[in-house]
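protein-v5.tsv, holding TSV, C-alpha atoms and all ligand atoms:
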chain	number	residue	atom	x	y	z
E	1	MET	CA	1.66	-29.41	-31.70
E	2	THR	CA	5.16	-29.10	-30.27
E	3	MET	CA	7.62	-26.26	-30.55
E	4	ALA	CA	9.88	-28.51	-32.65
E	5	GLU	CA	7.07	-29.07	-35.18
E	6	VAL	CA	6.24	-25.37	-35.35
E	7	LEU	CA	9.86	-24.50	-36.00
E	8	ARG	CA	10.24	-27.25	-38.61
E	9	VAL	CA	7.30	-25.91	-40.62
E	10	ALA	CA	8.52	-22.34	-40.13
E	11	ARG	CA	11.91	-23.30	-41.53
E	12	GLU	CA	10.33	-24.95	-44.56
E	13	LYS	CA	8.31	-21.80	-45.28
E	14	LEU	CA	10.87	-19.15	-44.42
E	15	TYR	CA	14.18	-20.57	-45.63
E	16	PRO	CA	16.47	-18.88	-46.72
E	17	ARG	CA	15.00	-15.59	-45.40
E	18	CYS	CA	15.12	-17.09	-41.92
E	19	ARG	CA	17.20	-20.18	-41.19
E	20	VAL	CA	15.47	-20.71	-37.83
E	21	CYS	CA	18.82	-20.94	-36.06
E	22	PRO	CA	18.99	-22.53	-32.60
E	23	GLU	CA	20.03	-19.08	-31.34
E	24	CYS	CA	18.39	-16.09	-33.09
E	25	ASN	CA	21.31	-13.69	-32.64
E	26	GLY	CA	21.78	-11.99	-36.00
E	27	VAL	CA	24.94	-13.87	-37.00
E	28	ALA	CA	23.75	-16.06	-39.91
E	29	CYS	CA	21.49	-13.37	-41.41
E	30	ALA	CA	23.84	-10.37	-40.98
E	31	GLY	CA	23.15	-7.76	-43.66
E	32	GLU	CA	19.94	-9.40	-44.88
E	33	VAL	CA	17.53	-6.47	-45.00
E	34	PRO	CA	15.06	-7.07	-46.65
E	35	GLY	CA	14.90	-10.43	-44.98
E	36	PHE	CA	15.30	-11.20	-41.27
E	37	GLY	CA	18.73	-9.80	-40.54
E	38	GLY	CA	20.29	-6.67	-39.14
E	39	ILE	CA	21.42	-3.98	-41.55
E	40	GLY	CA	24.97	-3.74	-42.90
E	41	SER	CA	27.44	-5.55	-40.68
E	42	GLY	CA	24.56	-6.84	-38.54
E	43	ALA	CA	26.21	-5.29	-35.44
E	44	ALA	CA	23.07	-3.52	-34.21
E	45	PHE	CA	21.08	-6.80	-34.16
E	46	ARG	CA	23.99	-8.64	-32.50
E	47	ASN	CA	24.33	-5.82	-29.95
E	48	ASN	CA	20.72	-6.40	-28.90
E	49	PHE	CA	21.36	-10.10	-28.37
E	50	ASP	CA	24.80	-9.75	-26.77
E	51	SER	CA	23.84	-6.91	-24.42
E	52	LEU	CA	21.03	-9.04	-22.97
E	53	ALA	CA	23.13	-12.22	-22.86
E	54	ARG	CA	25.85	-10.41	-20.87
E	55	LEU	CA	23.48	-9.76	-17.96
E	56	ASN	CA	23.21	-12.33	-15.19
E	57	LEU	CA	20.34	-12.70	-12.76
E	58	GLU	CA	20.65	-12.96	-8.99
E	59	MET	CA	19.01	-16.16	-7.77
E	60	ARG	CA	16.98	-15.71	-4.58
E	61	THR	CA	14.94	-18.48	-3.04
E	62	PHE	CA	14.47	-17.41	0.61
E	63	HIS	CA	11.09	-15.71	0.29
E	64	ASP	CA	7.37	-16.44	-0.07
E	65	VAL	CA	6.84	-15.56	-3.77
E	66	LYS	CA	5.18	-18.77	-4.98
E	67	LYS	CA	2.74	-17.43	-7.56
E	68	PRO	CA	4.15	-14.28	-9.12
E	69	ASP	CA	1.90	-11.97	-11.10
E	70	ALA	CA	3.24	-11.59	-14.64
E	71	SER	CA	0.48	-9.23	-15.77
E	72	VAL	CA	0.97	-5.56	-16.67
E	73	VAL	CA	-1.30	-2.77	-17.90
E	74	VAL	CA	-0.39	-1.08	-21.18
E	75	PHE	CA	-2.57	1.44	-23.02
E	76	GLY	CA	-5.30	0.66	-20.49
E	77	GLU	CA	-5.28	-3.05	-21.39
E	78	THR	CA	-4.35	-5.74	-18.89
E	79	LEU	CA	-1.88	-8.13	-20.51
E	80	SER	CA	-1.31	-11.59	-19.04
E	81	LEU	CA	2.42	-11.19	-19.68
E	82	PRO	CA	4.59	-8.13	-20.30
E	83	VAL	CA	5.22	-9.09	-23.92
E	84	MET	CA	3.41	-7.82	-27.01
E	85	ALA	CA	3.95	-8.87	-30.60
E	86	ALA	CA	6.30	-6.34	-32.22
E	87	ALA	CA	5.29	-4.74	-35.51
E	88	THR	CA	6.64	-6.95	-38.27
E	89	GLY	CA	5.79	-6.23	-41.86
E	90	GLY	CA	6.73	-7.19	-45.39
E	91	VAL	CA	5.12	-10.61	-45.85
E	92	THR	CA	6.52	-10.70	-49.38
E	93	TYR	CA	9.81	-8.77	-49.36
E	94	ASN	CA	10.93	-9.82	-45.85
E	95	MET	CA	9.24	-13.17	-45.32
E	96	GLY	CA	9.06	-14.69	-48.80
E	97	GLY	CA	5.33	-14.45	-49.51
E	98	LYS	CA	4.12	-17.76	-48.03
E	99	MET	CA	1.31	-16.00	-46.13
E	100	THR	CA	-1.11	-13.32	-47.27
E	101	GLU	CA	-1.15	-9.99	-45.44
E	102	GLU	CA	-4.54	-10.82	-43.87
E	103	ASP	CA	-3.56	-14.31	-42.77
E	104	TYR	CA	-0.34	-13.00	-41.30
E	105	VAL	CA	-1.95	-10.17	-39.33
E	106	ASP	CA	-4.67	-12.58	-38.22
E	107	ALA	CA	-2.05	-15.07	-36.96
E	108	ILE	CA	-0.13	-12.42	-35.00
E	109	ILE	CA	-3.14	-10.66	-33.49
E	110	GLY	CA	-5.13	-13.87	-32.97
E	111	GLY	CA	-2.12	-15.57	-31.33
E	112	CYS	CA	-1.69	-12.59	-29.00
E	113	ARG	CA	-5.33	-12.76	-28.03
E	114	MET	CA	-5.04	-16.50	-27.29
E	115	ALA	CA	-2.09	-15.75	-25.01
E	116	GLY	CA	-3.88	-12.88	-23.27
E	117	THR	CA	-1.85	-10.06	-24.74
E	118	ILE	CA	-2.02	-7.61	-27.64
E	119	GLY	CA	0.04	-7.10	-30.75
E	120	LEU	CA	1.18	-4.37	-33.06
E	121	VAL	CA	0.51	-4.29	-36.77
E	122	ALA	CA	3.08	-2.83	-39.13
E	123	ASP	CA	2.80	-0.47	-42.07
E	124	GLY	CA	4.79	-0.67	-45.31
E	125	ILE	CA	6.43	2.46	-46.72
E	126	GLY	CA	4.93	2.03	-50.14
E	127	ASP	CA	1.70	0.30	-49.11
E	128	PRO	CA	-1.30	1.56	-51.05
E	129	MET	CA	-4.17	2.82	-48.87
E	130	GLU	CA	-6.15	-0.25	-49.85
E	131	VAL	CA	-3.62	-2.53	-48.08
E	132	PHE	CA	-3.85	-0.35	-44.95
E	133	GLN	CA	-7.64	-0.66	-45.15
E	134	ARG	CA	-7.48	-4.44	-45.36
E	135	ARG	CA	-5.25	-4.46	-42.30
E	136	MET	CA	-7.73	-2.26	-40.42
E	137	ALA	CA	-10.48	-4.75	-41.27
E	138	VAL	CA	-8.57	-7.43	-39.33
E	139	VAL	CA	-8.02	-4.97	-36.46
E	140	LYS	CA	-11.78	-4.38	-36.35
E	141	GLN	CA	-12.45	-8.09	-36.39
E	142	TYR	CA	-10.40	-8.40	-33.18
E	143	GLY	CA	-12.39	-5.65	-31.49
E	144	GLY	CA	-9.49	-3.26	-31.88
E	145	LYS	CA	-7.25	-4.96	-29.29
E	146	VAL	CA	-4.27	-3.90	-31.36
E	147	VAL	CA	-1.71	-1.09	-31.62
E	148	VAL	CA	-1.44	0.16	-35.18
E	149	ILE	CA	1.92	1.43	-36.40
E	150	ILE	CA	2.07	3.99	-39.19
E	151	LYS	CA	5.30	4.77	-41.05
E	152	PRO	CA	6.63	8.31	-40.47
E	153	LYS	CA	4.99	9.58	-43.64
E	154	THR	CA	4.08	13.24	-44.14
E	155	GLN	CA	1.83	14.69	-41.45
E	156	ASP	CA	-1.22	14.69	-43.71
E	157	GLU	CA	-0.73	11.05	-44.72
E	158	ILE	CA	-0.31	10.00	-41.07
E	159	ILE	CA	-3.38	11.90	-39.91
E	160	LYS	CA	-5.47	10.38	-42.72
E	161	ARG	CA	-4.49	6.93	-41.41
E	162	ILE	CA	-5.08	7.93	-37.75
E	163	ARG	CA	-8.73	8.55	-38.66
E	164	MET	CA	-8.93	4.98	-40.00
E	165	VAL	CA	-7.21	3.62	-36.88
E	166	GLU	CA	-9.81	5.43	-34.73
E	167	GLU	CA	-12.56	3.96	-36.84
E	168	ALA	CA	-11.15	0.45	-36.43
E	169	GLY	CA	-11.21	0.97	-32.64
E	170	ALA	CA	-7.51	0.24	-31.97
E	171	VAL	CA	-6.17	0.83	-28.44
E	172	ALA	CA	-3.35	3.11	-29.65
E	173	PHE	CA	-1.45	4.23	-32.71
E	174	GLY	CA	2.26	4.63	-33.15
E	175	ILE	CA	4.88	5.67	-35.61
E	176	ASP	CA	8.13	3.80	-36.13
E	177	ILE	CA	10.11	7.01	-36.32
E	178	ASP	CA	13.29	5.00	-36.92
E	179	SER	CA	12.04	4.20	-40.44
E	180	ALA	CA	12.75	7.85	-41.30
E	181	GLY	CA	15.96	6.98	-43.13
E	182	ARG	CA	14.20	4.82	-45.68
E	183	ALA	CA	12.95	7.57	-48.00
E	184	ALA	CA	14.77	5.84	-50.85
E	185	ARG	CA	12.15	3.08	-50.70
E	186	ALA	CA	9.26	5.51	-51.05
E	187	VAL	CA	6.88	5.24	-53.96
E	188	ALA	CA	5.08	8.04	-55.77
E	189	GLY	CA	3.03	10.17	-53.40
E	190	GLN	CA	4.42	8.54	-50.25
E	191	THR	CA	7.64	9.22	-48.42
E	192	VAL	CA	9.02	8.99	-44.89
E	193	GLU	CA	10.79	11.69	-42.88
E	194	PRO	CA	12.18	12.49	-39.44
E	195	LYS	CA	9.87	14.59	-37.27
E	196	THR	CA	10.53	17.75	-35.28
E	197	PRO	CA	9.32	17.92	-31.66
E	198	LYS	CA	6.59	20.28	-32.91
E	199	GLN	CA	5.40	17.76	-35.50
E	200	LEU	CA	5.34	15.00	-32.86
E	201	ALA	CA	3.20	17.21	-30.62
E	202	GLU	CA	0.89	17.87	-33.57
E	203	LEU	CA	0.37	14.12	-34.06
E	204	ALA	CA	-0.28	13.61	-30.34
E	205	LYS	CA	-2.88	16.38	-30.41
E	206	SER	CA	-4.57	15.14	-33.57
E	207	THR	CA	-6.42	12.33	-31.76
E	208	THR	CA	-7.56	11.08	-28.37
E	209	LEU	CA	-5.84	7.75	-29.06
E	210	PRO	CA	-2.65	7.18	-27.05
E	211	PHE	CA	0.44	7.97	-29.14
E	212	PHE	CA	3.36	5.50	-29.16
E	213	ILE	CA	6.73	6.61	-30.54
E	214	LYS	CA	8.72	3.51	-31.50
E	215	GLY	CA	12.44	3.84	-32.09
E	216	VAL	CA	13.75	6.02	-29.24
E	217	MET	CA	17.41	5.33	-28.49
E	218	SER	CA	18.51	8.23	-26.28
E	219	ALA	CA	17.47	9.78	-22.96
E	220	ARG	CA	17.30	13.20	-24.63
E	221	GLU	CA	14.76	12.06	-27.22
E	222	ALA	CA	12.82	10.16	-24.57
E	223	GLU	CA	12.33	13.48	-22.74
E	224	ILE	CA	11.22	15.14	-25.97
E	225	ALA	CA	8.67	12.34	-26.46
E	226	VAL	CA	7.28	13.05	-22.96
E	227	ASP	CA	7.06	16.79	-23.72
E	228	ALA	CA	5.40	16.09	-27.08
E	229	GLY	CA	2.54	14.31	-25.29
E	230	ALA	CA	3.33	10.71	-26.27
E	231	ARG	CA	1.83	8.04	-24.00
E	232	ALA	CA	4.59	5.49	-24.63
E	233	ILE	CA	8.03	5.12	-26.17
E	234	GLY	CA	9.47	2.05	-27.83
E	235	VAL	CA	13.11	1.77	-26.82
E	236	SER	CA	14.14	-0.06	-29.94
E	237	ASN	CA	16.65	-0.03	-32.76
E	238	HIS	CA	14.09	-1.75	-35.00
E	239	GLY	CA	15.72	-5.12	-34.38
E	240	GLY	CA	19.00	-3.67	-35.72
E	241	ARG	CA	17.46	-3.18	-39.14
E	242	VAL	CA	17.71	0.57	-39.74
E	243	LEU	CA	21.08	1.97	-38.58
E	244	ASP	CA	24.23	-0.14	-38.36
E	245	HIS	CA	26.29	0.12	-35.14
E	246	THR	CA	23.57	1.27	-32.78
E	247	PRO	CA	24.01	0.02	-29.21
E	248	GLY	CA	22.01	-2.88	-27.87
E	249	VAL	CA	18.71	-1.92	-26.26
E	250	ALA	CA	19.83	-3.33	-22.89
E	251	GLN	CA	22.82	-0.96	-22.99
E	252	ILE	CA	20.77	2.18	-23.55
E	253	LEU	CA	17.63	1.39	-21.54
E	254	PRO	CA	18.91	2.25	-18.00
E	255	ALA	CA	19.82	5.82	-19.01
E	256	ILE	CA	16.42	6.30	-20.64
E	257	ALA	CA	14.55	4.84	-17.64
E	258	ASP	CA	16.59	7.03	-15.34
E	259	ARG	CA	15.28	10.11	-17.14
E	260	VAL	CA	11.63	9.26	-17.92
E	261	LYS	CA	10.45	6.28	-15.84
E	262	GLY	CA	7.00	7.02	-14.43
E	263	LYS	CA	6.40	9.90	-16.88
E	264	ILE	CA	5.72	7.72	-19.91
E	265	THR	CA	5.24	3.99	-20.57
E	266	ILE	CA	8.54	2.40	-21.59
E	267	ILE	CA	8.26	-0.54	-23.98
E	268	ALA	CA	11.53	-2.19	-25.02
E	269	ASP	CA	12.38	-4.71	-27.73
E	270	GLY	CA	15.36	-6.35	-29.35
E	271	ALA	CA	16.28	-10.04	-29.06
E	272	VAL	CA	13.56	-10.98	-26.56
E	273	ARG	CA	13.62	-14.77	-26.90
E	274	HIS	CA	13.00	-16.14	-23.40
E	275	GLY	CA	11.32	-15.26	-20.12
E	276	ALA	CA	14.67	-14.29	-18.59
E	277	ASP	CA	15.19	-11.71	-21.36
E	278	VAL	CA	11.86	-10.13	-20.43
E	279	LEU	CA	12.77	-10.07	-16.73
E	280	LYS	CA	16.11	-8.41	-17.55
E	281	LEU	CA	14.49	-5.65	-19.60
E	282	LEU	CA	11.95	-5.00	-16.84
E	283	ALA	CA	14.78	-4.83	-14.29
E	284	LEU	CA	16.51	-2.26	-16.52
E	285	GLY	CA	13.40	-0.06	-16.47
E	286	ALA	CA	10.96	-1.24	-19.14
E	287	ASP	CA	7.25	-1.45	-18.27
E	288	ALA	CA	6.68	-4.03	-21.02
E	289	THR	CA	8.50	-5.60	-23.95
E	290	MET	CA	7.87	-6.65	-27.53
E	291	CYS	CA	9.01	-9.75	-29.37
E	292	GLY	CA	9.62	-9.78	-33.12
E	293	ARG	CA	11.35	-12.57	-35.04
E	294	PRO	CA	10.25	-15.54	-32.87
E	295	LEU	CA	6.60	-14.65	-33.49
E	296	VAL	CA	7.12	-14.33	-37.25
E	297	ARG	CA	8.35	-17.92	-37.06
E	298	GLY	CA	5.37	-18.93	-34.89
E	299	ALA	CA	2.93	-17.41	-37.40
E	300	HIS	CA	4.54	-19.25	-40.33
E	301	GLY	CA	4.90	-22.49	-38.38
E	302	ALA	CA	1.30	-22.80	-37.16
E	303	GLY	CA	-0.65	-19.54	-37.55
E	304	LYS	CA	-2.19	-18.11	-34.40
E	305	GLU	CA	-1.60	-21.37	-32.45
E	306	GLY	CA	2.11	-21.08	-33.23
E	307	VAL	CA	2.23	-17.46	-32.02
E	308	ALA	CA	0.35	-18.36	-28.83
E	309	LEU	CA	2.62	-21.36	-28.21
E	310	ILE	CA	5.69	-19.13	-28.26
E	311	LEU	CA	4.14	-16.42	-26.08
E	312	ASN	CA	2.87	-18.98	-23.57
E	313	GLY	CA	6.34	-20.54	-23.44
E	314	ILE	CA	7.87	-17.14	-22.68
E	315	ARG	CA	5.26	-16.58	-19.94
E	316	THR	CA	6.06	-19.94	-18.29
E	317	GLU	CA	9.79	-19.16	-18.37
E	318	LEU	CA	9.15	-15.65	-17.01
E	319	ILE	CA	7.10	-16.95	-14.09
E	320	ASP	CA	9.81	-19.52	-13.26
E	321	SER	CA	12.42	-16.75	-13.38
E	322	MET	CA	10.27	-14.53	-11.16
E	323	VAL	CA	9.97	-17.28	-8.53
E	324	LEU	CA	13.73	-17.87	-8.61
E	325	THR	CA	14.52	-14.16	-8.22
E	326	GLY	CA	11.82	-13.43	-5.63
E	327	THR	CA	9.96	-11.09	-8.00
E	328	ALA	CA	6.32	-10.87	-6.92
E	329	THR	CA	5.01	-8.73	-9.76
E	330	ALA	CA	6.07	-7.79	-13.28
E	331	ARG	CA	4.88	-4.26	-12.49
E	332	ASN	CA	7.75	-3.70	-10.10
E	333	VAL	CA	10.99	-5.50	-10.88
E	334	SER	CA	13.93	-4.47	-8.76
E	335	PRO	CA	17.06	-3.29	-10.66
E	336	ASP	CA	19.17	-5.53	-8.40
E	337	THR	CA	17.49	-8.58	-9.96
E	338	ILE	CA	20.44	-8.24	-12.31
E	339	SER	CA	23.45	-9.34	-10.33
E	340	GLU	CA	26.31	-8.63	-12.71
E	341	VAL	CA	27.30	-7.78	-16.22
E	342	ARG	CA	29.69	-10.25	-17.81
E	343	ALA	CA	32.57	-8.80	-19.81
E	401	LIG	C1	10.92	-9.06	-40.73
E	401	LIG	C2	10.77	-7.86	-39.86
E	401	LIG	C3	9.95	-6.81	-40.26
E	401	LIG	C4	9.80	-5.69	-39.44
E	401	LIG	N1	8.97	-4.68	-39.84
E	401	LIG	C5	8.75	-3.63	-39.02
E	401	LIG	C6	7.84	-2.60	-39.38
E	401	LIG	O1	7.26	-2.60	-40.46
E	401	LIG	N2	7.62	-1.59	-38.49
E	401	LIG	C7	8.26	-1.55	-37.28
E	401	LIG	O2	8.02	-0.63	-36.50
E	401	LIG	N3	9.17	-2.49	-36.94
E	401	LIG	C8	9.42	-3.52	-37.76
E	401	LIG	N4	10.31	-4.50	-37.40
E	401	LIG	C9	11.01	-4.38	-36.10
E	401	LIG	C10	10.21	-4.98	-34.95
E	401	LIG	O3	9.06	-4.25	-34.67
E	401	LIG	C11	11.03	-5.05	-33.64
E	401	LIG	O4	11.48	-3.76	-33.31
E	401	LIG	C12	12.21	-6.02	-33.73
E	401	LIG	O5	11.92	-7.09	-34.58
E	401	LIG	C13	12.56	-6.52	-32.35
E	401	LIG	O6	13.65	-7.36	-32.39
E	401	LIG	P1	13.56	-8.98	-32.43
E	401	LIG	O7	13.02	-9.33	-33.77
E	401	LIG	O8	14.98	-9.40	-32.29
E	401	LIG	O9	12.67	-9.42	-31.31
E	401	LIG	C14	10.50	-5.63	-38.21
E	401	LIG	C15	11.32	-6.68	-37.81
E	401	LIG	C16	11.46	-7.80	-38.61
E	401	LIG	C17	12.35	-8.92	-38.15
Output the structure of this file as structure tokens.
Ligand SMILES: Cc1cc2nc3c(=O)[nH]c(=O)nc-3n(C[C@H](O)[C@H](O)[C@H](O)COP(=O)(O)O)c2cc1C
Amino acid sequence: MTMAEVLRVAREKLYPRCRVCPECNGVACAGEVPGFGGIGSGAAFRNNFDSLARLNLEMRTFHDVKKPDASVVVFGETLSLPVMAAATGGVTYNMGGKMTEEDYVDAIIGGCRMAGTIGLVADGIGDPMEVFQRRMAVVKQYGGKVVVIIKPKTQDEIIKRIRMVEEAGAVAFGIDIDSAGRAARAVAGQTVEPKTPKQLAELAKSTTLPFFIKGVMSAREAEIAVDAGARAIGVSNHGGRVLDHTPGVAQILPAIADRVKGKITIIADGAVRHGADVLKLLALGADATMCGRPLVRGAHGAGKEGVALILNGIRTELIDSMVLTGTATARNVSPDTISEVRA
């Protein structure tokens, strides 16, 4: 199975939600939320893509780095590449309903396992508990090698789900705090809300599972996440899908890393498409990255094999980029791997 075949099938299944453009940069799908796009003008999605594309790498070939080590350790798990599947949800309202929830989660998590990494599973704002339970059954099936994301519901509703995540044996749980503005989509008995530092600390203390706060876009809030007892932050604008006109992740990441690097695990996402994108985010201070839209296409194009094909392709590109920048290990990427920022 070739990449071209995977993408052809993905296009058949996902069109017009996703047009499977040669460059997944948020232009064609601007404003398409639900769907695959960025919200409103689409600027936040485009900022992710453009801010990464503006960075150039310094080529260095006078060294002895022949077999770089692309592995990293996240939540106590050794990953064969510093890329995890991002949380992507809404098989019906975002993706068009060509896969069932179980088949989709199975493709993402199974594909990650095949590629030697782990993935995140998403939560829907209005998902009945029974849907969450079905998702946890898949998590269990994969021996828990998964990070489970819970929407920023009320404290009680989150803690109820944390108990189920513990039971399923997941490696960590997270909340996508940047979904807090979507209360309008809530259904009876379930809503979403921003959290105070005290509430974040309460969630961290409610379990021995590592706590991941996804959707941190400022150095100030990154520090609050550290103080609240989170194990990791996701520097992410939710793929540009929640607040129009947020900066690109590559623009904001250095200031965040400057403040909290070494105190908390920094996981960044937003327009990771190729190995060089991963290397750039690591050079800017991330410990690992996540990839969203390309893996949704992989899952629809060929299930877990499609997801693994894309992740393995990114790993090959990353290793080539590491050799050509003299980067021995993904656990320590020098900031001067980035040589310049194009205007
Ligand atoms: C269709 C779709 C659904 C998503 N659903 C969720 C979600 O339910 N929870 C979440 O935390 N992030 C969600 N995201 C955001 C991703 O986790 C991730 O932050 C983003 O996709 C990264 O950008 P990229 O797609 O350009 O790689 C979704 C993204 C897409 C494209």
Step by step, gather every atom of ligand LIG 401 (chain E) that the file lists, find the box along x, y and z that holds them, add 6 Å on each side, and finally give centre and edge lengths in Å to one decimal, as JSON.
{"center_x": 11.1, "center_y": -5.0, "center_z": -36.0, "size_x": 19.7, "size_y": 20.8, "size_z": 21.4}
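The space separating atom CA of E:Ile108 from atom CA of E:Asn332 comes to 27.5 Å.
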Between E:Met99, E:Ala172, E:Ile118, E:Val307, smallest distance to E:Leu79 by only C-alpha atoms belongs to E:Ile118
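By only C-alpha atoms, and with residues fewer than 5 positions from E:Cys24 along its chain excluded, the set lying at most 9 Å from it is Phe49, Ala271, Arg273, Arg293 and Pro294 of chain E.
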Extract, using only C-alpha atoms, all DNA, RNA and protein residues at most 10 Å from E:Ala180, discarding same-chain residues fewer than 5 positions from it, and format them as a list of chain:residue names.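 Counting only C-alpha atoms, the residues come to E:Ile125, E:Lys151, E:Pro152, E:Lys153, E:Ile175, E:Thr191, E:Val192, E:Glu193, E:Pro194, E:Lys195, E:Val242.
The spacing separating atom CA of E:Glu166 from atom CA of E:Ile213 amounts to 17.1 Å.
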Quick check, in Å to one decimal: how far apart do atom CA of E:Lys280 and atom CA of E:His238 lie? 18.8 Å
Residues proximal to (19.6, -14.8, -31.7) were defined as those with any atom within 9 Å of that point in the file's coordinates, counting only C-alpha atoms. Which are they, as a VMD selection string? chain E and resid 21 to 27 45 to 46 48 to 50 271 to 273
Measuring atom to atom with all atoms listed in the file, identify which of E:Ala86, E:Val171, E:Val72, E:Leu7 is nearest to ligand LIG 401 (chain E). E:Ala86
Neighbours of point (0.7, -13.3, -38.2) within 8 Å, using all atoms listed in the file, written as a PDB file with C-alpha atoms, in the frame of the given file:
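point-v5.pdb, written as the output of this step:
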ATOM      1  CA  ASP E 103      -3.560 -14.310 -42.770  1.00  0.00           C
ATOM      2  CA  TYR E 104      -0.340 -13.000 -41.300  1.00  0.00           C
ATOM      3  CA  VAL E 105      -1.950 -10.170 -39.330  1.00  0.00           C
ATOM      4  CA  ASP E 106      -4.670 -12.580 -38.220  1.00  0.00           C
ATOM      5  CA  ALA E 107      -2.050 -15.070 -36.960  1.00  0.00           C
ATOM      6  CA  ILE E 108      -0.130 -12.420 -35.000  1.00  0.00           C
ATOM      7  CA  ILE E 109      -3.140 -10.660 -33.490  1.00  0.00           C
ATOM      8  CA  GLY E 110      -5.130 -13.870 -32.970  1.00  0.00           C
ATOM      9  CA  GLY E 111      -2.120 -15.570 -31.330  1.00  0.00           C
ATOM     10  CA  LEU E 295       6.600 -14.650 -33.490  1.00  0.00           C
ATOM     11  CA  VAL E 296       7.120 -14.330 -37.250  1.00  0.00           C
ATOM     12  CA  ALA E 299       2.930 -17.410 -37.400  1.00  0.00           C
ATOM     13  CA  HIS E 300       4.540 -19.250 -40.330  1.00  0.00           C
ATOM     14  CA  GLY E 303      -0.650 -19.540 -37.550  1.00  0.00           C
ATOM     15  CA  LYS E 304      -2.190 -18.110 -34.400  1.00  0.00           C
ATOM     16  CA  VAL E 307       2.230 -17.460 -32.020  1.00  0.00           C
TER      17      VAL E 307
END
Top pick for closest residue to E:Ser80, considering E:Thr329, E:Thr196, E:Thr100, E:Thr207 and counting all atoms listed in the file: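 Looking at the shortest contact to E:Ser80, the residue is E:Thr329.
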Among the residues E:Ala170, E:Leu243, E:Val333, E:Val121, the one that comes closest to ligand LIG 401 (chain E) [using all atoms listed in the file]: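 Closest to ligand LIG 401 (chain E) of all the choices is E:Val121.
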Which is closest to E:Leu284 among E:Ala184, E:Val138, E:Leu55, E:Ala201, if we use all atoms listed in the file? E:Leu55
Nearest to E:Ser179, chosen from E:Ala228, E:Leu81, E:Ser236, E:Val131, with all atoms listed in the file counted in the distances: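 Ranking E:Ala228, E:Leu81, E:Ser236, E:Val131 by distance to E:Ser179, first place goes to E:Ser236.
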